[in-house]
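Trainee: Below is the file data.tsv, which contains TSV, C-alpha atoms and all ligand atoms.
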chain	number	residue	atom	x	y	z
A	1	MET	CA	46.69	63.39	-120.97
A	2	LYS	CA	49.13	64.16	-123.74
A	3	VAL	CA	47.91	65.17	-127.20
A	4	THR	CA	49.85	62.27	-128.71
A	5	GLU	CA	48.06	59.84	-126.36
A	6	HIS	CA	44.67	61.32	-127.28
A	7	ILE	CA	45.53	60.74	-130.93
A	8	GLU	CA	46.69	57.17	-130.31
A	9	ARG	CA	43.59	56.33	-128.31
A	10	ALA	CA	41.30	57.70	-131.04
A	11	LYS	CA	42.59	54.89	-133.32
A	12	GLY	CA	42.26	56.85	-136.55
A	13	LYS	CA	39.04	58.69	-135.66
A	14	THR	CA	39.42	62.44	-136.26
A	15	LEU	CA	39.20	64.53	-133.08
A	16	PHE	CA	37.84	68.07	-132.67
A	17	SER	CA	39.75	70.85	-130.90
A	18	PHE	CA	39.84	74.60	-130.82
A	19	GLU	CA	41.78	77.62	-129.66
A	20	ILE	CA	40.69	80.57	-127.56
A	21	VAL	CA	42.20	83.90	-126.55
A	22	PRO	CA	42.14	85.19	-122.96
A	23	PRO	CA	39.70	88.09	-122.41
A	24	GLN	CA	41.00	91.63	-122.32
A	25	LYS	CA	42.23	92.68	-118.89
A	26	GLY	CA	39.25	93.83	-116.77
A	27	LYS	CA	36.69	91.84	-118.79
A	28	ASN	CA	34.62	89.00	-117.38
A	29	ILE	CA	35.62	85.39	-118.06
A	30	GLN	CA	31.92	84.44	-118.37
A	31	GLU	CA	31.83	85.50	-122.03
A	32	LEU	CA	34.59	83.00	-122.70
A	33	TYR	CA	32.63	80.22	-121.01
A	34	ASP	CA	29.51	81.20	-122.98
A	35	ASN	CA	31.50	80.55	-126.16
A	36	ILE	CA	33.08	77.31	-124.94
A	37	ASP	CA	29.80	75.76	-123.66
A	38	PRO	CA	28.23	75.20	-127.10
A	39	LEU	CA	31.36	73.43	-128.37
A	40	MET	CA	31.68	70.90	-125.56
A	41	GLU	CA	29.13	68.51	-127.13
A	42	PHE	CA	31.79	67.71	-129.76
A	43	ASN	CA	34.06	66.36	-127.01
A	44	PRO	CA	37.28	68.28	-127.58
A	45	PRO	CA	40.08	66.33	-125.85
A	46	PHE	CA	42.02	69.57	-125.53
A	47	ILE	CA	41.58	73.35	-125.85
A	48	ASP	CA	44.45	75.72	-126.68
A	49	VAL	CA	44.77	79.06	-124.90
A	50	THR	CA	46.91	81.63	-126.70
A	51	THR	CA	49.43	83.97	-125.12
A	52	SER	CA	49.35	87.58	-126.31
A	53	ARG	CA	52.38	89.77	-126.47
A	54	GLU	CA	52.88	92.93	-124.51
A	55	GLU	CA	52.06	96.16	-126.35
A	56	HIS	CA	52.50	99.89	-126.00
A	57	ILE	CA	49.67	101.92	-124.55
A	58	TYR	CA	49.50	105.70	-124.08
A	59	ILE	CA	48.24	107.09	-120.76
A	60	LYS	CA	47.18	110.75	-120.46
A	61	ARG	CA	49.11	112.40	-117.62
A	62	GLU	CA	47.86	115.28	-115.42
A	63	ASP	CA	49.95	117.76	-117.43
A	64	GLY	CA	48.14	116.60	-120.58
A	65	LEU	CA	51.14	114.84	-122.08
A	66	LEU	CA	50.92	111.22	-123.12
A	67	GLU	CA	53.06	108.69	-121.34
A	68	ARG	CA	54.01	105.48	-123.08
A	69	LYS	CA	53.68	102.31	-121.03
A	70	ILE	CA	54.15	98.71	-121.96
A	71	THR	CA	51.56	96.17	-120.85
A	72	ARG	CA	49.96	92.84	-121.66
A	73	MET	CA	46.31	93.46	-122.59
A	74	ARG	CA	45.30	89.79	-122.42
A	75	PRO	CA	47.18	88.22	-119.52
A	76	GLY	CA	46.09	85.08	-117.70
A	77	THR	CA	46.86	82.24	-120.10
A	78	VAL	CA	47.90	79.74	-117.43
A	79	GLY	CA	45.10	80.82	-115.06
A	80	ILE	CA	42.52	80.31	-117.81
A	81	CYS	CA	44.02	76.92	-118.63
A	82	ALA	CA	43.61	75.92	-114.99
A	83	ALA	CA	40.06	77.29	-114.80
A	84	ILE	CA	38.89	75.54	-117.98
A	85	LYS	CA	40.60	72.28	-117.07
A	86	GLN	CA	38.76	72.30	-113.75
A	87	LYS	CA	35.39	73.43	-115.11
A	88	TYR	CA	35.13	71.16	-118.15
A	89	ASP	CA	37.55	68.35	-117.30
A	90	VAL	CA	39.48	68.73	-120.58
A	91	ASP	CA	43.18	69.10	-121.20
A	92	THR	CA	44.24	72.66	-121.80
A	93	ILE	CA	47.30	73.77	-123.74
A	94	PRO	CA	48.93	77.09	-122.94
A	95	HIS	CA	50.92	78.75	-125.70
A	96	VAL	CA	54.45	79.52	-124.54
A	97	LEU	CA	56.30	82.20	-126.49
A	98	CYS	CA	59.91	83.26	-127.05
A	99	GLY	CA	58.93	86.91	-127.61
A	100	GLY	CA	58.24	88.91	-124.46
A	101	PHE	CA	59.62	86.35	-122.01
A	102	THR	CA	63.06	85.71	-120.56
A	103	LYS	CA	64.13	82.10	-120.26
A	104	GLU	CA	63.70	82.39	-116.48
A	105	GLU	CA	60.12	83.61	-116.83
A	106	THR	CA	59.45	80.70	-119.16
A	107	GLU	CA	60.88	78.28	-116.63
A	108	TYR	CA	58.52	79.66	-113.96
A	109	VAL	CA	55.52	79.33	-116.30
A	110	LEU	CA	56.46	75.72	-117.02
A	111	VAL	CA	56.81	74.95	-113.30
A	112	ASP	CA	53.34	76.44	-112.70
A	113	CYS	CA	51.92	74.30	-115.51
A	114	HIS	CA	53.47	71.19	-113.99
A	115	TYR	CA	51.91	71.91	-110.59
A	116	LEU	CA	48.53	72.39	-112.28
A	117	GLY	CA	48.72	69.02	-114.03
A	118	ILE	CA	49.02	70.60	-117.47
A	119	GLU	CA	50.82	68.06	-119.65
A	120	ASN	CA	50.98	69.82	-123.02
A	121	VAL	CA	52.37	73.14	-124.20
A	122	MET	CA	52.51	74.79	-127.62
A	123	ALA	CA	55.99	76.28	-128.18
A	124	LEU	CA	56.02	79.32	-130.47
A	125	ARG	CA	58.40	82.10	-131.28
A	126	GLY	CA	55.62	84.68	-131.22
A	127	ASP	CA	54.87	87.60	-133.49
A	128	ALA	CA	56.67	90.92	-133.77
A	129	MET	CA	55.26	93.66	-131.55
A	130	LYS	CA	52.77	95.96	-133.27
A	131	HIS	CA	55.31	98.74	-133.89
A	132	GLN	CA	58.00	96.35	-135.15
A	133	ARG	CA	58.34	95.31	-138.76
A	134	TYR	CA	60.11	92.08	-137.87
A	135	PHE	CA	60.35	89.95	-134.75
A	136	GLU	CA	63.07	91.08	-132.37
A	137	PRO	CA	64.18	88.61	-129.70
A	138	THR	CA	63.61	89.66	-126.09
A	139	LYS	CA	66.75	90.24	-124.00
A	140	GLY	CA	67.35	87.04	-122.07
A	141	GLY	CA	64.78	85.17	-124.17
A	142	HIS	CA	64.98	82.69	-127.05
A	143	CYS	CA	65.35	83.72	-130.70
A	144	TYR	CA	63.64	80.73	-132.31
A	145	ALA	CA	61.05	78.19	-131.34
A	146	ASN	CA	63.52	75.28	-131.62
A	147	ASP	CA	65.55	76.76	-128.72
A	148	LEU	CA	62.38	77.06	-126.63
A	149	VAL	CA	61.51	73.44	-127.43
A	150	GLY	CA	65.01	72.53	-126.20
A	151	GLN	CA	64.44	74.30	-122.88
A	152	ILE	CA	61.09	72.55	-122.36
A	153	ARG	CA	62.51	69.14	-123.31
A	154	ASP	CA	65.52	69.63	-120.98
A	155	LEU	CA	63.13	69.81	-118.01
A	156	SER	CA	62.13	66.20	-118.54
A	157	LYS	CA	65.79	65.33	-117.92
A	158	GLY	CA	65.90	67.47	-114.78
A	159	LYS	CA	67.89	70.17	-116.59
A	160	TYR	CA	66.70	73.54	-115.36
A	161	LEU	CA	68.36	76.74	-116.59
A	162	ASN	CA	70.93	77.00	-113.84
A	163	GLU	CA	70.99	73.60	-112.25
A	164	VAL	CA	70.47	69.92	-112.85
A	165	ILE	CA	68.01	68.63	-110.25
A	166	ASP	CA	67.97	64.96	-109.35
A	167	SER	CA	64.33	64.01	-108.76
A	168	GLU	CA	61.62	61.68	-109.98
A	169	ASN	CA	59.18	64.50	-110.54
A	170	HIS	CA	60.17	66.38	-113.66
A	171	PRO	CA	57.71	68.02	-116.04
A	172	ASP	CA	57.57	65.84	-119.14
A	173	PHE	CA	55.52	67.99	-121.48
A	174	CYS	CA	54.11	66.91	-124.80
A	175	ILE	CA	55.22	69.77	-127.05
A	176	GLY	CA	53.37	71.22	-130.05
A	177	VAL	CA	54.96	73.53	-132.63
A	178	ALA	CA	53.68	75.54	-135.60
A	179	GLY	CA	54.03	74.45	-139.25
A	180	TYR	CA	53.35	76.46	-142.38
A	181	PRO	CA	51.87	74.74	-145.46
A	182	GLU	CA	52.42	77.97	-147.43
A	183	LYS	CA	55.72	78.73	-145.61
A	184	HIS	CA	56.27	81.26	-142.82
A	185	LEU	CA	56.25	84.87	-144.00
A	186	GLU	CA	59.91	85.43	-143.11
A	187	SER	CA	61.16	82.21	-144.67
A	188	PRO	CA	62.89	82.41	-148.09
A	189	SER	CA	61.40	79.10	-149.28
A	190	LEU	CA	59.12	76.28	-148.18
A	191	GLU	CA	62.10	73.93	-148.15
A	192	THR	CA	64.09	76.19	-145.81
A	193	ASP	CA	61.04	76.52	-143.57
A	194	LEU	CA	60.59	72.73	-143.51
A	195	LYS	CA	64.22	72.39	-142.38
A	196	LYS	CA	63.42	74.69	-139.45
A	197	LEU	CA	60.35	72.58	-138.70
A	198	LYS	CA	62.58	69.50	-138.72
A	199	ALA	CA	64.90	71.28	-136.25
A	200	LYS	CA	61.93	71.82	-133.90
A	201	VAL	CA	60.98	68.15	-134.12
A	202	ASP	CA	64.61	67.09	-133.60
A	203	ALA	CA	64.73	69.37	-130.55
A	204	GLY	CA	61.82	67.38	-129.09
A	205	ALA	CA	58.49	68.58	-130.55
A	206	ASP	CA	55.83	65.84	-130.44
A	207	TYR	CA	53.28	67.24	-132.88
A	208	VAL	CA	52.70	70.09	-135.32
A	209	VAL	CA	49.68	72.39	-135.73
A	210	THR	CA	49.51	74.16	-139.07
A	211	GLN	CA	48.88	77.74	-139.90
A	212	MET	CA	45.40	78.28	-141.35
A	213	PHE	CA	44.98	77.36	-145.02
A	214	PHE	CA	42.00	77.40	-147.36
A	215	ASN	CA	43.18	74.98	-150.02
A	216	ASN	CA	43.54	71.41	-148.77
A	217	GLN	CA	46.07	70.62	-151.49
A	218	ALA	CA	48.55	72.91	-149.71
A	219	TYR	CA	48.14	70.84	-146.53
A	220	PHE	CA	48.36	67.44	-148.25
A	221	GLU	CA	51.53	68.43	-150.13
A	222	PHE	CA	53.05	69.90	-146.95
A	223	VAL	CA	52.44	66.66	-145.06
A	224	GLU	CA	54.05	64.68	-147.90
A	225	LYS	CA	57.12	66.93	-148.01
A	226	ALA	CA	57.45	66.87	-144.23
A	227	LYS	CA	57.40	63.04	-144.28
A	228	GLU	CA	60.07	62.99	-147.01
A	229	MET	CA	62.21	65.12	-144.72
A	230	GLY	CA	61.85	62.64	-141.88
A	231	ILE	CA	59.22	64.53	-139.88
A	232	ASN	CA	57.22	61.67	-138.43
A	233	VAL	CA	55.00	63.38	-135.84
A	234	PRO	CA	51.26	64.08	-136.28
A	235	ILE	CA	50.53	67.22	-138.34
A	236	ILE	CA	47.23	68.71	-137.19
A	237	PRO	CA	45.47	71.05	-139.65
A	238	GLY	CA	44.49	74.48	-138.30
A	239	ILE	CA	41.20	75.83	-139.68
A	240	LYS	CA	39.87	79.38	-139.64
A	241	PRO	CA	36.46	80.12	-141.16
A	242	ILE	CA	36.23	83.43	-143.00
A	243	ALA	CA	33.74	85.60	-141.09
A	244	VAL	CA	33.89	89.15	-142.47
A	245	LYS	CA	34.63	90.71	-145.85
A	246	LYS	CA	37.78	92.40	-144.62
A	247	HIS	CA	39.35	88.95	-144.03
A	248	LEU	CA	39.96	88.86	-147.80
A	249	GLN	CA	42.73	91.44	-147.33
A	250	LEU	CA	43.57	90.89	-143.68
A	251	LEU	CA	44.32	87.15	-143.64
A	252	PRO	CA	46.75	87.15	-146.61
A	253	HIS	CA	48.40	90.28	-145.19
A	254	VAL	CA	48.79	89.11	-141.58
A	255	PHE	CA	49.42	85.40	-142.13
A	256	SER	CA	50.93	85.40	-145.62
A	257	ILE	CA	48.49	82.81	-147.00
A	258	ASP	CA	46.64	82.50	-150.32
A	259	LEU	CA	42.89	82.38	-150.73
A	260	PRO	CA	41.39	80.26	-153.54
A	261	GLN	CA	39.69	82.30	-156.29
A	262	ALA	CA	36.38	80.47	-155.84
A	263	LEU	CA	36.29	81.52	-152.17
A	264	ILE	CA	37.19	85.12	-153.01
A	265	ASP	CA	34.45	85.24	-155.68
A	266	SER	CA	31.83	83.89	-153.26
A	267	VAL	CA	32.80	86.37	-150.54
A	268	GLU	CA	32.86	89.30	-152.95
A	269	ALA	CA	29.36	88.41	-154.15
A	270	CYS	CA	27.98	88.73	-150.59
A	271	LYS	CA	25.75	91.70	-149.76
A	272	ASN	CA	26.68	91.82	-146.07
A	273	ASN	CA	28.84	90.12	-143.42
A	274	LYS	CA	26.01	87.80	-142.42
A	275	GLU	CA	26.25	86.28	-145.88
A	276	VAL	CA	30.06	86.23	-145.66
A	277	ARG	CA	29.86	84.29	-142.44
A	278	GLN	CA	27.66	81.70	-144.14
A	279	VAL	CA	30.08	81.41	-147.08
A	280	GLY	CA	32.93	80.94	-144.58
A	281	ILE	CA	31.00	78.20	-142.79
A	282	GLU	CA	30.17	76.36	-146.01
A	283	TRP	CA	33.77	76.56	-147.23
A	284	ALA	CA	35.10	75.25	-143.92
A	285	ILE	CA	32.56	72.39	-143.96
A	286	GLU	CA	33.72	71.26	-147.42
A	287	GLN	CA	37.35	71.66	-146.41
A	288	THR	CA	37.10	69.78	-143.13
A	289	LYS	CA	34.93	66.98	-144.58
A	290	GLU	CA	37.70	66.26	-147.07
A	291	LEU	CA	40.41	66.45	-144.39
A	292	LYS	CA	38.45	64.10	-142.14
A	293	ALA	CA	37.93	61.65	-145.00
A	294	ALA	CA	41.71	61.75	-145.54
A	295	GLY	CA	42.13	60.66	-141.91
A	296	VAL	CA	43.70	63.74	-140.28
A	297	PRO	CA	44.25	63.15	-136.54
A	298	VAL	CA	42.52	66.31	-135.31
A	299	LEU	CA	40.65	69.26	-136.82
A	300	HIS	CA	41.88	72.28	-134.85
A	301	PHE	CA	39.75	75.42	-135.14
A	302	TYR	CA	40.98	78.96	-134.64
A	303	SER	CA	37.78	80.11	-132.96
A	304	MET	CA	39.41	83.13	-131.35
A	305	GLY	CA	36.64	83.12	-128.76
A	306	LYS	CA	33.62	83.09	-131.09
A	307	SER	CA	31.86	79.78	-131.28
A	308	SER	CA	28.69	80.06	-133.38
A	309	ASN	CA	30.31	79.39	-136.77
A	310	ILE	CA	32.61	76.69	-135.36
A	311	LYS	CA	29.55	74.95	-133.89
A	312	GLN	CA	27.79	74.87	-137.24
A	313	ILE	CA	30.87	73.42	-138.92
A	314	ALA	CA	31.42	70.80	-136.22
A	315	LYS	CA	27.73	69.81	-136.40
A	316	ALA	CA	28.02	69.15	-140.12
A	317	VAL	CA	31.31	67.27	-139.93
A	318	PHE	CA	31.34	65.29	-136.64
B	1	LIG	N1	49.32	81.32	-131.64
B	1	LIG	C1	49.36	80.35	-132.50
B	1	LIG	O1	48.63	79.41	-132.40
B	1	LIG	C2	50.28	80.38	-133.62
B	1	LIG	C3	51.16	81.40	-133.73
B	1	LIG	N2	52.01	81.47	-134.77
B	1	LIG	C4	52.92	82.57	-134.90
B	1	LIG	O2	53.78	82.43	-135.99
B	1	LIG	C5	55.05	83.01	-135.75
B	1	LIG	C6	56.27	82.15	-135.85
B	1	LIG	O3	56.37	81.25	-134.76
B	1	LIG	P1	57.09	79.86	-134.89
B	1	LIG	O4	56.62	79.18	-136.10
B	1	LIG	O5	56.98	79.21	-133.60
B	1	LIG	O6	58.60	80.36	-135.10
B	1	LIG	P2	59.92	79.66	-135.58
B	1	LIG	O7	60.99	80.12	-134.67
B	1	LIG	O8	59.73	78.19	-135.76
B	1	LIG	O9	60.10	80.30	-137.03
B	1	LIG	C7	60.10	81.70	-137.24
B	1	LIG	C8	60.86	82.04	-138.52
B	1	LIG	O10	62.26	81.85	-138.33
B	1	LIG	C9	62.75	80.81	-139.16
B	1	LIG	N3	63.59	79.97	-138.28
B	1	LIG	C10	63.16	79.07	-137.36
B	1	LIG	N4	64.19	78.53	-136.68
B	1	LIG	C11	65.31	79.11	-137.17
B	1	LIG	C12	66.69	79.00	-136.86
B	1	LIG	N5	67.12	78.17	-135.91
B	1	LIG	N6	67.55	79.77	-137.55
B	1	LIG	C13	67.14	80.61	-138.49
B	1	LIG	N7	65.84	80.77	-138.84
B	1	LIG	C14	64.93	80.03	-138.18
B	1	LIG	C15	61.55	80.08	-139.71
B	1	LIG	O11	61.75	79.56	-141.02
B	1	LIG	C16	60.51	81.18	-139.73
B	1	LIG	O12	60.62	81.99	-140.88
B	1	LIG	C17	54.90	83.54	-134.44
B	1	LIG	O13	54.55	84.81	-134.68
B	1	LIG	C18	53.83	82.71	-133.80
B	1	LIG	O14	53.24	83.36	-132.72
B	1	LIG	C19	51.97	80.51	-135.70
B	1	LIG	C20	51.14	79.47	-135.64
B	1	LIG	C21	50.28	79.28	-134.55
B	2	LIG	N1	51.54	84.64	-137.13
B	2	LIG	C1	50.54	84.09	-136.41
B	2	LIG	N2	50.25	84.61	-135.20
B	2	LIG	C2	49.26	84.07	-134.46
B	2	LIG	O1	49.01	84.54	-133.33
B	2	LIG	C3	48.55	82.95	-134.98
B	2	LIG	C4	48.90	82.44	-136.23
B	2	LIG	N3	49.88	83.04	-136.93
B	2	LIG	N4	48.29	81.36	-136.73
B	2	LIG	C5	47.56	80.51	-135.90
B	2	LIG	C6	46.80	81.21	-134.87
B	2	LIG	C7	45.54	81.79	-135.46
B	2	LIG	N5	45.45	83.07	-134.87
B	2	LIG	C8	44.55	84.03	-135.30
B	2	LIG	C9	44.59	85.31	-134.82
B	2	LIG	C10	43.69	86.26	-135.27
B	2	LIG	C11	42.77	85.93	-136.23
B	2	LIG	C12	41.79	86.95	-136.74
B	2	LIG	O2	41.20	86.75	-137.77
B	2	LIG	N6	41.64	88.06	-136.02
B	2	LIG	C13	40.82	89.20	-136.26
B	2	LIG	C14	41.55	90.28	-136.97
B	2	LIG	C15	42.69	90.81	-136.19
B	2	LIG	C16	43.23	92.14	-136.70
B	2	LIG	O3	42.42	93.05	-136.95
B	2	LIG	O4	44.46	92.23	-136.84
B	2	LIG	C17	39.49	88.83	-136.89
B	2	LIG	O5	38.96	89.56	-137.71
B	2	LIG	O6	38.94	87.80	-136.51
B	2	LIG	C18	42.73	84.66	-136.70
B	2	LIG	C19	43.62	83.71	-136.25
B	2	LIG	C20	46.45	83.22	-133.83
B	2	LIG	N7	47.49	82.36	-134.28
What would the structure in this file look like if it were written as structure tokens?
Ligand SMILES: NC(=O)C1=CN([C@@H]2O[C@H](COP(=O)(O)OP(=O)(O)OC[C@H]3O[C@@H](n4cnc5c(N)ncnc54)[C@H](O)[C@@H]3O)[C@@H](O)[C@H]2O)C=CC1
Ligand SMILES: Nc1nc(=O)c2c([nH]1)NC[C@@H]1CN(c3ccc(C(=O)N[C@@H](CCC(=O)O)C(=O)O)cc3)CN21
Mentor:
Amino acid sequence: MKVTEHIERAKGKTLFSFEIVPPQKGKNIQELYDNIDPLMEFNPPFIDVTTSREEHIYIKREDGLLERKITRMRPGTVGICAAIKQKYDVDTIPHVLCGGFTKEETEYVLVDCHYLGIENVMALRGDAMKHQRYFEPTKGGHCYANDLVGQIRDLSKGKYLNEVIDSENHPDFCIGVAGYPEKHLESPSLETDLKKLKAKVDAGADYVVTQMFFNNQAYFEFVEKAKEMGINVPIIPGIKPIAVKKHLQLLPHVFSIDLPQALIDSVEACKNNKEVRQVGIEWAIEQTKELKAAGVPVLHFYSMGKSSNIKQIAKAVF
């Protein structure tokens, strides 16, 4: 079922969802299941599965020199979506990226999803590769998420890349896109960024999932501004509990977000990461209780494959 239908059927009750990353190539999928199992009691209507970009690796050759290869370390997004859908009977949402994929490759992924009964996709531009300072579009791929949304939406009209196919059986995906309460790191202003978000919705996006934030005010104001701009789709808050001390530097650096002083002070006062994890849990509980009371459609957790803190938060809030 589509995310928008899940939200409609919930009739104002806040839903619980989360996001996982595929295991590293060669690793067992069981560890992933072990982290999903404890969260199923909170009845997630859908689970997101991220897509990781390709990266450079260095292989030692027989002559001792290093050879640079390019590879995807965490492949299998669509396969994992199919496996989880089958095992737990939940909807799964693969992340589809501009970066690292040609438009043809994207078309094939979407056709696979359709055959598997996957009805939702999250359309993202994707991050820069590790060695790049800024995102560089892939040759033959899209530059911005709004173009990718356009390609996905076109399929529902039978418009494939090279042909228009007359049939009753077109993939009609419900499309999610990313929104940034504290603006995207490359955007010159929040207003400019909101215009780009509007372009994604105009291109056919059905809902928005936000970047992580730690101050609910940023989310509430973002939702207000988005509405003023004519963005009338559900805006789902994305939540990431702080888990280790190094997140204090890492999260603002990687995601260009602010941390409230009270949270920083509490984390800095911790003697070890076990205490930090507890502080992160308590902060997320307060945050999500307020969001739920405000009637947000879904609380979407960036679990990144670790479930114990998410479980504690969900237990306190749902
Ligand atoms: N895996 C996930 O769940 C999430 C990933 N992300 C990541 O965030 C990054 C950005 O992705 P998206 O938000 O999908 O990208 P996007 O294409 O919507 O925006 C990327 C940047 O380009 C600007 N922009 C957008 N459309 C434009 C246009 N037509 N012309 C000029 N500028 C434009 C935006 O303001 C923004 O600064 C990616 O790295 C993505 O992977 C973000 C949220 C969730
Ligand atoms: N720009 C961007 N890229 C993404 O892939 C992304 C977002 N934003 N925002 C929404 C979700 C949340 N994502 C993530 C990804 C990693 C961590 C994280 O904290 N990872 C490691 C550190 C990684 C590192 O060392 O670089 C951790 O300590 O848990 C959190 C949320 C992925 N998604």
Trainee: Counting all atoms listed in the file, which protein, DNA or RNA residues come within 7 Å of ligand LIG 2 (chain B), given as a PDB file with C-alpha atoms, in the coordinates of the input?
Mentor:
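Done, and the output landed in part32.pdb:
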ATOM      1  CA  GLY A 126      55.620  84.680-131.220  1.00  0.00           C
ATOM      2  CA  ASP A 127      54.870  87.600-133.490  1.00  0.00           C
ATOM      3  CA  GLN A 211      48.880  77.740-139.900  1.00  0.00           C
ATOM      4  CA  MET A 212      45.400  78.280-141.350  1.00  0.00           C
ATOM      5  CA  LYS A 240      39.870  79.380-139.640  1.00  0.00           C
ATOM      6  CA  VAL A 244      33.890  89.150-142.470  1.00  0.00           C
ATOM      7  CA  HIS A 247      39.350  88.950-144.030  1.00  0.00           C
ATOM      8  CA  LEU A 251      44.320  87.150-143.640  1.00  0.00           C
ATOM      9  CA  VAL A 254      48.790  89.110-141.580  1.00  0.00           C
ATOM     10  CA  PHE A 255      49.420  85.400-142.130  1.00  0.00           C
ATOM     11  CA  TYR A 302      40.980  78.960-134.640  1.00  0.00           C
ATOM     12  CA  MET A 304      39.410  83.130-131.350  1.00  0.00           C
TER      13      MET A 304
END
Trainee: Which polymer residues have any atom within 9 Å of an atom of range 262-274 of chain A, counting only C-alpha atoms, with same-chain residues fewer than 2 positions away left out, as number ranges by chain?
Mentor: A: 214, 242-245, 248, 259-260, 276-280, 283
Trainee: Would you list the residues that come within 6 Å of ligand LIG 1 (chain B)? Count only C-alpha atoms and all ligand atoms and give the answer as a list in words.
Mentor: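 These are the residues that qualify: Thr50, Leu124, Arg125, Gly126, Asp127, Tyr144, Ala145, Ala178, His184, Glu186, Ser187, Asp193, Lys196 and Gln211 of chain A.
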Trainee: Excluding same-chain residues fewer than 5 positions from Phe18 in chain A, what lies within 9 Å of it counting only C-alpha atoms, as a list in words?
Mentor: Leu39, Pro44, Phe46, Ile47, Asp48, Val49, Gly238, Leu299, His300, Phe301, Tyr302, Ser303, Met304 and Ile310 of chain A
Trainee: I need the chosen residues saved as a compact mmCIF listing (two decimals), keeping the file's coordinate frame, with C-alpha atoms.
Mentor:
# COMPACT_ATOMS: atom_id res chain seq x y z
CA LEU A 39 31.36 73.43 -128.37
CA PRO A 44 37.28 68.28 -127.58
CA PHE A 46 42.02 69.57 -125.53
CA ILE A 47 41.58 73.35 -125.85
CA ASP A 48 44.45 75.72 -126.68
CA VAL A 49 44.77 79.06 -124.90
CA GLY A 238 44.49 74.48 -138.30
CA LEU A 299 40.65 69.26 -136.82
CA HIS A 300 41.88 72.28 -134.85
CA PHE A 301 39.75 75.42 -135.14
CA TYR A 302 40.98 78.96 -134.64
CA SER A 303 37.78 80.11 -132.96
CA MET A 304 39.41 83.13 -131.35
CA ILE A 310 32.61 76.69 -135.36
Trainee: Between A:Cys98, A:Ile231, A:Ala123, A:Ile57, which residue has the minimum interatomic distance to Glu136 in chain A, considering all atoms listed in the file?
Mentor: A:Cys98
Trainee: Can you patch up range 271-283 of chain A, filling it in to N, CA and C atoms, and show the result as an mmCIF file, keeping the file's coordinate frame?
Mentor:
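Result went into out06.cif, see below:
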data_model
loop_
_atom_site.group_PDB
_atom_site.id
_atom_site.type_symbol
_atom_site.label_atom_id
_atom_site.label_comp_id
_atom_site.auth_asym_id
_atom_site.auth_seq_id
_atom_site.Cartn_x
_atom_site.Cartn_y
_atom_site.Cartn_z
ATOM 1 N N LYS A 271 26.285 90.340 -149.962
ATOM 2 C CA LYS A 271 25.750 91.700 -149.760
ATOM 3 C C LYS A 271 26.109 92.243 -148.376
ATOM 4 N N ASN A 272 26.339 91.360 -147.416
ATOM 5 C CA ASN A 272 26.680 91.820 -146.070
ATOM 6 C C ASN A 272 27.503 90.738 -145.350
ATOM 7 N N ASN A 273 27.970 91.063 -144.126
ATOM 8 C CA ASN A 273 28.840 90.120 -143.420
ATOM 9 C C ASN A 273 28.095 88.884 -142.903
ATOM 10 N N LYS A 274 26.772 88.990 -142.801
ATOM 11 C CA LYS A 274 26.010 87.800 -142.420
ATOM 12 C C LYS A 274 26.160 86.737 -143.519
ATOM 13 N N GLU A 275 26.070 87.212 -144.755
ATOM 14 C CA GLU A 275 26.250 86.280 -145.880
ATOM 15 C C GLU A 275 27.686 85.760 -145.946
ATOM 16 N N VAL A 276 28.640 86.643 -145.631
ATOM 17 C CA VAL A 276 30.060 86.230 -145.660
ATOM 18 C C VAL A 276 30.293 85.116 -144.648
ATOM 19 N N ARG A 277 29.708 85.295 -143.495
ATOM 20 C CA ARG A 277 29.860 84.290 -142.440
ATOM 21 C C ARG A 277 29.354 82.929 -142.910
ATOM 22 N N GLN A 278 28.229 82.951 -143.623
ATOM 23 C CA GLN A 278 27.660 81.700 -144.140
ATOM 24 C C GLN A 278 28.580 81.064 -145.189
ATOM 25 N N VAL A 279 29.133 81.910 -146.069
ATOM 26 C CA VAL A 279 30.080 81.410 -147.080
ATOM 27 C C VAL A 279 31.287 80.775 -146.383
ATOM 28 N N GLY A 280 31.780 81.445 -145.339
ATOM 29 C CA GLY A 280 32.930 80.940 -144.580
ATOM 30 C C GLY A 280 32.628 79.586 -143.947
ATOM 31 N N ILE A 281 31.413 79.461 -143.418
ATOM 32 C CA ILE A 281 31.000 78.200 -142.790
ATOM 33 C C ILE A 281 30.948 77.087 -143.830
ATOM 34 N N GLU A 282 30.319 77.394 -144.974
ATOM 35 C CA GLU A 282 30.170 76.360 -146.010
ATOM 36 C C GLU A 282 31.528 75.925 -146.559
ATOM 37 N N TRP A 283 32.430 76.897 -146.737
ATOM 38 C CA TRP A 283 33.770 76.560 -147.230
ATOM 39 C C TRP A 283 34.494 75.657 -146.227
#
